[in-house]
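Reproduced below: work-v8.cif, with mmCIF, C-alpha atoms and all ligand atoms.
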data_target
loop_
_atom_site.label_atom_id
_atom_site.label_comp_id
_atom_site.auth_asym_id
_atom_site.auth_seq_id
_atom_site.Cartn_x
_atom_site.Cartn_y
_atom_site.Cartn_z
CA MET A 122 108.87 121.31 85.20
CA THR A 123 109.93 120.82 88.81
CA LYS A 124 110.79 117.25 89.70
CA ILE A 125 109.50 115.36 92.76
CA VAL A 126 111.66 115.17 95.90
CA ALA A 127 110.74 112.74 98.68
CA ALA A 128 112.48 112.21 102.02
CA ASN A 129 112.41 108.87 103.81
CA PHE A 130 113.53 109.47 107.39
CA LYS A 131 113.35 105.72 108.16
CA THR A 132 114.07 105.33 111.91
CA ASN A 133 115.63 108.76 112.32
CA HIS A 134 114.50 112.03 113.87
CA THR A 135 112.19 112.26 116.87
CA LYS A 136 108.76 113.83 117.17
CA LYS A 137 110.39 117.11 118.27
CA THR A 138 113.13 117.25 115.64
CA THR A 139 110.69 116.22 112.91
CA LYS A 140 108.34 119.03 113.91
CA SER A 141 111.04 121.70 113.75
CA TYR A 142 112.43 120.25 110.51
CA LEU A 143 108.99 120.37 108.83
CA GLU A 144 108.26 123.89 110.05
CA SER A 145 111.63 125.21 108.86
CA LEU A 146 111.42 123.43 105.53
CA GLU A 147 107.90 124.67 104.85
CA LYS A 148 109.14 128.26 105.11
CA LYS A 149 111.72 127.71 102.36
CA LEU A 150 109.39 126.03 99.87
CA LEU A 151 107.69 127.41 96.79
CA ALA A 152 104.18 126.58 95.61
CA SER A 153 105.67 124.78 92.60
CA ASP A 154 107.80 122.39 94.70
CA LYS A 155 106.68 118.76 94.88
CA ILE A 156 107.85 117.56 98.26
CA TYR A 157 106.95 114.48 100.30
CA ILE A 158 108.28 113.73 103.78
CA PHE A 159 107.97 110.31 105.39
CA PRO A 160 108.76 110.67 109.12
CA THR A 161 109.28 107.76 111.47
CA PRO A 162 105.81 106.52 112.67
CA ILE A 163 105.90 108.03 116.16
CA ALA A 164 106.71 111.43 114.63
CA LEU A 165 103.75 111.42 112.23
CA CYS A 166 101.90 114.69 112.51
CA GLU A 167 98.96 116.41 110.91
CA ASN A 168 99.37 116.69 107.14
CA ASN A 169 98.41 120.35 107.08
CA PHE A 170 101.39 122.03 105.41
CA LYS A 171 100.90 124.17 102.36
CA HIS A 172 103.93 123.19 100.29
CA LEU A 173 104.86 119.71 101.49
CA LYS A 174 103.02 116.46 102.01
CA VAL A 175 103.53 114.30 105.07
CA GLY A 176 103.20 110.60 104.27
CA THR A 177 103.53 107.37 106.22
CA GLN A 178 106.43 104.97 105.77
CA ASN A 179 104.11 102.10 106.60
CA ALA A 180 100.62 101.16 107.71
CA TYR A 181 98.67 97.96 108.11
CA PRO A 182 95.85 97.42 105.61
CA ILE A 183 93.11 97.71 108.20
CA LEU A 184 90.98 100.49 109.67
CA ASN A 185 91.83 99.37 113.23
CA GLY A 186 92.16 96.08 115.08
CA ALA A 187 94.56 93.68 116.81
CA PHE A 188 97.87 94.16 114.96
CA THR A 189 100.38 94.95 117.69
CA GLY A 190 102.84 97.65 116.73
CA GLU A 191 101.14 98.55 113.48
CA VAL A 192 99.41 101.76 112.37
CA GLY A 193 95.84 101.57 111.05
CA LEU A 194 93.94 103.71 108.58
CA GLU A 195 91.88 105.32 111.34
CA SER A 196 95.01 106.97 112.81
CA LEU A 197 96.14 108.20 109.40
CA LYS A 198 92.71 109.64 108.65
CA GLU A 199 92.77 111.65 111.86
CA LEU A 200 96.04 113.26 110.71
CA ASP A 201 94.72 113.70 107.18
CA ILE A 202 97.60 111.59 105.82
CA LYS A 203 96.90 110.34 102.32
CA THR A 204 100.29 109.17 101.10
CA ILE A 205 102.02 105.87 101.82
CA LEU A 206 105.28 104.14 100.91
CA ILE A 207 104.74 100.52 99.94
CA GLY A 208 107.33 97.88 99.04
CA HIS A 209 110.46 99.54 100.40
CA SER A 210 113.28 96.99 100.34
CA GLU A 211 113.85 97.35 104.08
CA ARG A 212 110.26 96.27 104.73
CA ARG A 213 110.44 93.51 102.15
CA ASN A 214 113.78 92.15 103.37
CA ILE A 215 114.18 93.03 107.04
CA LEU A 216 110.50 92.87 108.00
CA GLY A 217 109.61 90.03 105.66
CA GLU A 218 106.87 91.65 103.57
CA SER A 219 106.06 89.41 100.62
CA GLN A 220 104.99 90.54 97.18
CA LYS A 221 101.54 89.17 98.01
CA PHE A 222 101.32 91.35 101.14
CA CYS A 223 102.63 94.44 99.30
CA ALA A 224 99.90 93.90 96.70
CA GLU A 225 97.25 93.52 99.42
CA LYS A 226 98.41 96.75 101.04
CA PHE A 227 98.39 98.46 97.68
CA ASP A 228 94.86 97.31 97.00
CA PHE A 229 93.62 98.48 100.42
CA PHE A 230 95.19 101.94 100.25
CA ALA A 231 94.28 102.43 96.58
CA LYS A 232 90.64 101.83 97.54
CA GLU A 233 91.14 104.60 100.11
CA ASP A 234 92.41 106.86 97.33
CA PHE A 235 95.92 107.20 98.79
CA GLU A 236 98.83 108.43 96.78
CA ILE A 237 101.18 105.43 96.74
CA ILE A 238 104.94 105.53 96.34
CA TYR A 239 105.66 101.96 95.36
CA CYS A 240 109.29 100.86 95.64
CA VAL A 241 111.05 98.28 93.51
CA GLY A 242 114.70 97.35 93.10
CA GLU A 243 117.10 94.46 92.78
CA ASP A 244 119.88 93.23 95.05
CA ILE A 245 123.51 93.03 94.01
CA SER A 246 123.43 89.34 93.04
CA ILE A 247 120.67 90.05 90.51
CA ARG A 248 122.45 93.16 89.17
CA GLU A 249 125.66 91.18 88.71
CA LYS A 250 123.83 88.71 86.48
CA GLY A 251 123.08 91.49 83.98
CA VAL A 252 120.38 93.87 82.82
CA GLU A 253 117.98 91.23 81.49
CA ASN A 254 118.00 89.59 84.89
CA VAL A 255 117.28 92.92 86.58
CA LYS A 256 114.30 93.48 84.28
CA LYS A 257 112.96 89.99 84.92
CA PHE A 258 113.20 90.53 88.68
CA ILE A 259 111.62 93.98 88.64
CA LYS A 260 108.72 92.57 86.67
CA THR A 261 107.99 90.19 89.54
CA GLN A 262 107.70 93.19 91.88
CA PHE A 263 104.78 94.45 89.80
CA GLU A 264 102.82 91.21 90.26
CA ASN A 265 99.25 92.10 91.23
CA ILE A 266 100.06 95.81 91.31
CA PRO A 267 97.57 97.93 89.31
CA VAL A 268 100.19 99.85 87.33
CA GLN A 269 97.59 102.18 85.85
CA TYR A 270 96.52 103.46 89.29
CA PRO A 271 96.32 107.23 88.79
CA LYS A 272 97.85 108.11 92.17
CA LEU A 273 100.85 105.84 91.72
CA ILE A 274 104.46 107.03 91.90
CA ILE A 275 107.13 104.38 91.43
CA ALA A 276 110.53 104.52 93.13
CA TYR A 277 113.37 102.53 91.62
CA GLU A 278 115.79 101.81 94.44
CA PRO A 279 118.52 99.26 93.76
CA ILE A 280 119.19 97.66 97.14
CA TRP A 281 122.96 97.74 96.65
CA ALA A 282 122.80 101.51 96.23
CA ILE A 283 120.71 102.19 99.35
CA GLY A 284 122.77 103.62 102.19
CA SER A 285 125.97 102.46 100.50
CA GLY A 286 127.21 105.86 99.37
CA MET A 287 127.35 104.48 95.84
CA SER A 288 124.41 105.38 93.65
CA ALA A 289 123.60 103.50 90.45
CA SER A 290 125.29 104.92 87.35
CA ALA A 291 123.43 107.28 85.04
CA GLU A 292 123.32 104.53 82.43
CA GLN A 293 121.88 101.97 84.85
CA ILE A 294 119.26 104.45 86.04
CA GLN A 295 118.31 105.49 82.52
CA GLN A 296 118.02 101.88 81.38
CA THR A 297 115.97 100.66 84.33
CA HIS A 298 113.66 103.67 84.37
CA SER A 299 112.97 103.24 80.65
CA PHE A 300 112.04 99.63 81.34
CA ILE A 301 109.73 100.60 84.22
CA LYS A 302 108.12 103.24 82.02
CA GLU A 303 107.18 100.47 79.56
CA ILE A 304 105.30 98.80 82.43
CA SER A 305 103.54 101.86 83.90
CA PRO A 306 102.70 105.45 82.97
CA ALA A 307 103.47 106.56 86.57
CA PRO A 308 106.29 108.97 87.38
CA VAL A 309 109.48 107.11 88.34
CA LEU A 310 111.75 108.33 91.13
CA TYR A 311 115.30 107.16 91.67
CA GLY A 312 116.49 106.27 95.19
CA GLY A 313 119.77 104.95 96.55
CA SER A 314 122.57 107.18 97.90
CA VAL A 315 121.22 110.35 96.34
CA ASN A 316 123.20 113.27 97.77
CA ILE A 317 124.16 116.85 97.02
CA LYS A 318 127.10 115.71 94.91
CA ASN A 319 125.24 113.42 92.52
CA ILE A 320 121.80 115.07 92.48
CA ALA A 321 122.40 117.26 89.42
CA GLU A 322 123.57 114.35 87.29
CA ILE A 323 120.69 112.14 88.41
CA LEU A 324 118.02 114.78 87.81
CA ASN A 325 119.44 115.49 84.38
CA ILE A 326 118.43 112.00 83.26
CA GLN A 327 115.26 112.48 81.27
CA GLU A 328 113.61 109.29 82.55
CA VAL A 329 114.04 110.42 86.18
CA ASP A 330 110.91 112.19 87.44
CA GLY A 331 112.33 112.81 90.89
CA VAL A 332 114.24 111.28 93.78
CA LEU A 333 113.59 109.42 97.02
CA VAL A 334 116.25 110.41 99.53
CA GLY A 335 117.24 108.64 102.76
CA SER A 336 120.42 109.71 104.57
CA ALA A 337 120.89 112.98 102.69
CA SER A 338 117.41 114.10 103.74
CA LEU A 339 118.18 113.95 107.46
CA ASN A 340 120.03 117.23 107.42
CA ILE A 341 117.68 120.01 106.34
CA ASP A 342 120.40 122.05 104.61
CA SER A 343 121.52 119.18 102.43
CA PHE A 344 117.91 118.22 101.68
CA TYR A 345 117.10 121.80 100.73
CA LYS A 346 120.04 121.85 98.29
CA ILE A 347 118.53 118.75 96.65
CA ILE A 348 115.17 120.53 96.43
CA GLN A 349 116.82 123.55 94.80
CA GLU A 350 118.36 121.29 92.17
CA ALA A 351 114.97 119.78 91.42
CA ARG A 352 113.43 123.15 90.61
CA ASN A 353 112.91 123.81 86.89
CA LYS A 354 114.34 120.48 85.80
P1 LIG B 1 119.59 106.39 101.04
O1 LIG B 1 118.17 105.66 101.21
O2 LIG B 1 119.36 107.69 100.34
O3 LIG B 1 120.12 106.53 102.42
O4 LIG B 1 120.44 105.46 100.19
C1 LIG B 1 117.20 105.72 100.21
C2 LIG B 1 115.99 104.90 100.56
O5 LIG B 1 116.12 103.78 101.08
O6 LIG B 1 114.85 105.35 100.35
#
Before anything else, please render the file you have as structure tokens.
Ligand code: PGA
Amino acid sequence: MTKIVAANFKTNHTKKTTKSYLESLEKKLLASDKIYIFPTPIALCENNFKHLKVGTQNAYPILNGAFTGEVGLESLKELDIKTILIGHSERRNILGESQKFCAEKFDFFAKEDFEIIYCVGEDISIREKGVENVKKFIKTQFENIPVQYPKLIIAYEPIWAIGSGMSASAEQIQQTHSFIKEISPAPVLYGGSVNIKNIAEILNIQEVDGVLVGSASLNIDSFYKIIQEARNK
């Protein structure tokens, strides 16, 4: 079965470059591919591609209102966007989103029947204290999250592996994914310095249902190589 491949553009690519990226990628894809692209908010476009889904990196849990700088459900509905990333470590840590707020967002978008890619992952100080500590921490990131939600996809992204060029080891990924799979029946993606060199090894781990890719997704050729690896895994 083909594994899931998601691209998080973060604050990269413009409206124009996102448009040409999506149009070129769409032409290369097969009906069996499971691809999600999360463009930067200003580059969000109509989710009307045949073989890929456009999702939002963020949104405020409101239809519309006075939340300066935020995106509301009304805007997403107009673009037919039905997928959202919640709990990414950059939003938790840089933008100060608490577990309580992530859970509120989850609840709001679950009621709207969104597909939710929910991110969890520990920082280096927790990892250095050992596996049991990692498990204990990850458990706290599932507080008030309905882990049986049918449209849930979990992404395990150790913070120390994100953007560092150093992914977690196969053993660490296998161990943590197995633990997450005891918590939830949802597919579990791995994220954190996934690239064309390590993709085969990562996708060969049985507990890995796909990958969430940041930097290596920005270049369409490298992202397409990752997609090719995910086929028939
Ligand atoms: P990275 O980012 O692939 O650049 O490490 C992954 C992510 O944060 O989703």
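The coordinates place atom CA of Ala164 of chain A at 18.1 Å from atom C2 of ligand LIG 1 (chain B).
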Using all atoms listed in the file, find the one residue out of A:Glu233, A:Asp330, A:Glu191, A:Glu243 that sits nearest to Gln295 of chain A. A:Asp330
Counting only C-alpha atoms, which residues come within 12 Å of (111.8, 111.2, 105.9), with the point read in the file's coordinates, and could you list them as a ChimeraX atom specification? /A:126-136,138-140,142-143,156-162,164-165,173-179,205-206,333-341,344
Selection as a ChimeraX atom specification: residues within 10 Å of (107.1, 118.9, 95.2), counting all atoms listed in the file: /A:123-127,150-157,172-174,331,348,351-352
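Counting all atoms listed in the file, the residue from A:Leu184, A:Leu197, A:Ile317, A:Ile275 that sits nearest to Val241 of chain A is A:Ile275.
Of the residues listed (A:Asp201, A:Asp234, A:Glu211, A:Glu249), A:Glu211 shows the shortest atom-to-atom separation from ligand LIG 1 (chain B); distances use all atoms listed in the file.
Residue nearest ligand LIG 1 (chain B), chosen from A:Gln262, A:Asn316, A:Ser219, A:Ser246 and counting all atoms listed in the file: A:Asn316.
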So which residues touch Ile326 of chain A within 9 Å, counting all atoms listed in the file, skipping near sequence neighbours fewer than 2 positions away, as a PyMOL selection string? chain A and resi 291-292+294-295+322-324+328-330
Keeping only C-alpha atoms, take the residues you just selected and write them out as a compact mmCIF listing (two decimals), in the frame of the given file.
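That gives us part.txt:
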# COMPACT_ATOMS: atom_id res chain seq x y z
CA ALA A 291 123.43 107.28 85.04
CA GLU A 292 123.32 104.53 82.43
CA ILE A 294 119.26 104.45 86.04
CA GLN A 295 118.31 105.49 82.52
CA GLU A 322 123.57 114.35 87.29
CA ILE A 323 120.69 112.14 88.41
CA LEU A 324 118.02 114.78 87.81
CA GLU A 328 113.61 109.29 82.55
CA VAL A 329 114.04 110.42 86.18
CA ASP A 330 110.91 112.19 87.44
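Using only C-alpha atoms, the smallest distance between any of A:Lys226, A:Arg212, A:Lys354, A:Lys318 and Ile266 of chain A comes from A:Lys226.
Minimum distance to ligand LIG 1 (chain B) across A:Lys346, A:Lys272, A:His209, A:Lys260 (counting all atoms listed in the file) occurs at A:His209.
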Expressed in Å, the length from atom CA of Ile238 of chain A to atom O1 of ligand LIG 1 (chain B) is 14.1 Å
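From atom CA of Gly193 of chain A back to atom CA of Ile259 of chain A, the distance works out to 28.4 Å.
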Contacts of Ser305 of chain A at 7 Å or less, counting all atoms listed in the file, minus same-chain residues fewer than 2 places along, as a ChimeraX atom specification? /A:268-269,301-303,307
Missing atoms of segment 310-335 of chain A rebuilt to N, CA and C atoms, written as an mmCIF file, in the coordinates of the input:
data_model
loop_
_atom_site.group_PDB
_atom_site.id
_atom_site.type_symbol
_atom_site.label_atom_id
_atom_site.label_comp_id
_atom_site.auth_asym_id
_atom_site.auth_seq_id
_atom_site.Cartn_x
_atom_site.Cartn_y
_atom_site.Cartn_z
ATOM 1 N N LEU A 310 110.696 107.690 90.343
ATOM 2 C CA LEU A 310 111.750 108.330 91.130
ATOM 3 C C LEU A 310 112.955 107.399 91.209
ATOM 4 N N TYR A 311 114.128 107.984 91.392
ATOM 5 C CA TYR A 311 115.300 107.160 91.670
ATOM 6 C C TYR A 311 115.645 107.314 93.157
ATOM 7 N N GLY A 312 116.038 106.223 93.806
ATOM 8 C CA GLY A 312 116.490 106.270 95.190
ATOM 9 C C GLY A 312 117.677 105.354 95.390
ATOM 10 N N GLY A 313 118.578 105.753 96.267
ATOM 11 C CA GLY A 313 119.770 104.950 96.550
ATOM 12 C C GLY A 313 120.997 105.826 96.534
ATOM 13 N N SER A 314 121.382 106.314 97.749
ATOM 14 C CA SER A 314 122.570 107.180 97.900
ATOM 15 C C SER A 314 122.505 108.452 97.066
ATOM 16 N N VAL A 315 121.328 109.016 96.954
ATOM 17 C CA VAL A 315 121.220 110.350 96.340
ATOM 18 C C VAL A 315 121.788 111.347 97.340
ATOM 19 N N ASN A 316 122.625 112.263 96.868
ATOM 20 C CA ASN A 316 123.200 113.270 97.770
ATOM 21 C C ASN A 316 123.458 114.565 97.005
ATOM 22 N N ILE A 317 124.003 115.555 97.699
ATOM 23 C CA ILE A 317 124.160 116.850 97.020
ATOM 24 C C ILE A 317 125.207 116.804 95.906
ATOM 25 N N LYS A 318 126.070 115.801 95.955
ATOM 26 C CA LYS A 318 127.100 115.710 94.910
ATOM 27 C C LYS A 318 126.556 115.103 93.621
ATOM 28 N N ASN A 319 125.689 114.100 93.744
ATOM 29 C CA ASN A 319 125.240 113.420 92.520
ATOM 30 C C ASN A 319 123.856 113.854 92.040
ATOM 31 N N ILE A 320 123.187 114.725 92.803
ATOM 32 C CA ILE A 320 121.800 115.070 92.480
ATOM 33 C C ILE A 320 121.634 115.693 91.083
ATOM 34 N N ALA A 321 122.558 116.585 90.715
ATOM 35 C CA ALA A 321 122.400 117.260 89.420
ATOM 36 C C ALA A 321 122.467 116.246 88.284
ATOM 37 N N GLU A 322 123.422 115.358 88.350
ATOM 38 C CA GLU A 322 123.570 114.350 87.290
ATOM 39 C C GLU A 322 122.331 113.451 87.220
ATOM 40 N N ILE A 323 121.844 113.048 88.394
ATOM 41 C CA ILE A 323 120.690 112.140 88.410
ATOM 42 C C ILE A 323 119.438 112.834 87.861
ATOM 43 N N LEU A 324 119.226 114.072 88.272
ATOM 44 C CA LEU A 324 118.020 114.780 87.810
ATOM 45 C C LEU A 324 118.106 115.177 86.335
ATOM 46 N N ASN A 325 119.296 115.180 85.804
ATOM 47 C CA ASN A 325 119.440 115.490 84.380
ATOM 48 C C ASN A 325 119.039 114.327 83.482
ATOM 49 N N ILE A 326 118.858 113.159 84.066
ATOM 50 C CA ILE A 326 118.430 112.000 83.260
ATOM 51 C C ILE A 326 116.945 112.194 82.955
ATOM 52 N N GLN A 327 116.626 112.168 81.701
ATOM 53 C CA GLN A 327 115.260 112.480 81.270
ATOM 54 C C GLN A 327 114.209 111.554 81.882
ATOM 55 N N GLU A 328 114.560 110.285 82.036
ATOM 56 C CA GLU A 328 113.610 109.290 82.550
ATOM 57 C C GLU A 328 113.440 109.367 84.075
ATOM 58 N N VAL A 329 114.156 110.265 84.723
ATOM 59 C CA VAL A 329 114.040 110.420 86.180
ATOM 60 C C VAL A 329 113.047 111.543 86.481
ATOM 61 N N ASP A 330 111.937 111.185 87.134
ATOM 62 C CA ASP A 330 110.910 112.190 87.440
ATOM 63 C C ASP A 330 111.069 112.779 88.830
ATOM 64 N N GLY A 331 112.089 112.298 89.546
ATOM 65 C CA GLY A 331 112.330 112.810 90.890
ATOM 66 C C GLY A 331 113.194 111.836 91.664
ATOM 67 N N VAL A 332 113.365 112.134 92.956
ATOM 68 C CA VAL A 332 114.240 111.280 93.780
ATOM 69 C C VAL A 332 113.602 110.976 95.138
ATOM 70 N N LEU A 333 113.966 109.810 95.672
ATOM 71 C CA LEU A 333 113.590 109.420 97.020
ATOM 72 C C LEU A 333 114.894 109.358 97.816
ATOM 73 N N VAL A 334 114.978 110.195 98.849
ATOM 74 C CA VAL A 334 116.250 110.410 99.530
ATOM 75 C C VAL A 334 116.178 109.921 100.980
ATOM 76 N N GLY A 335 117.159 109.109 101.376
ATOM 77 C CA GLY A 335 117.240 108.640 102.760
ATOM 78 C C GLY A 335 118.208 109.518 103.539
#
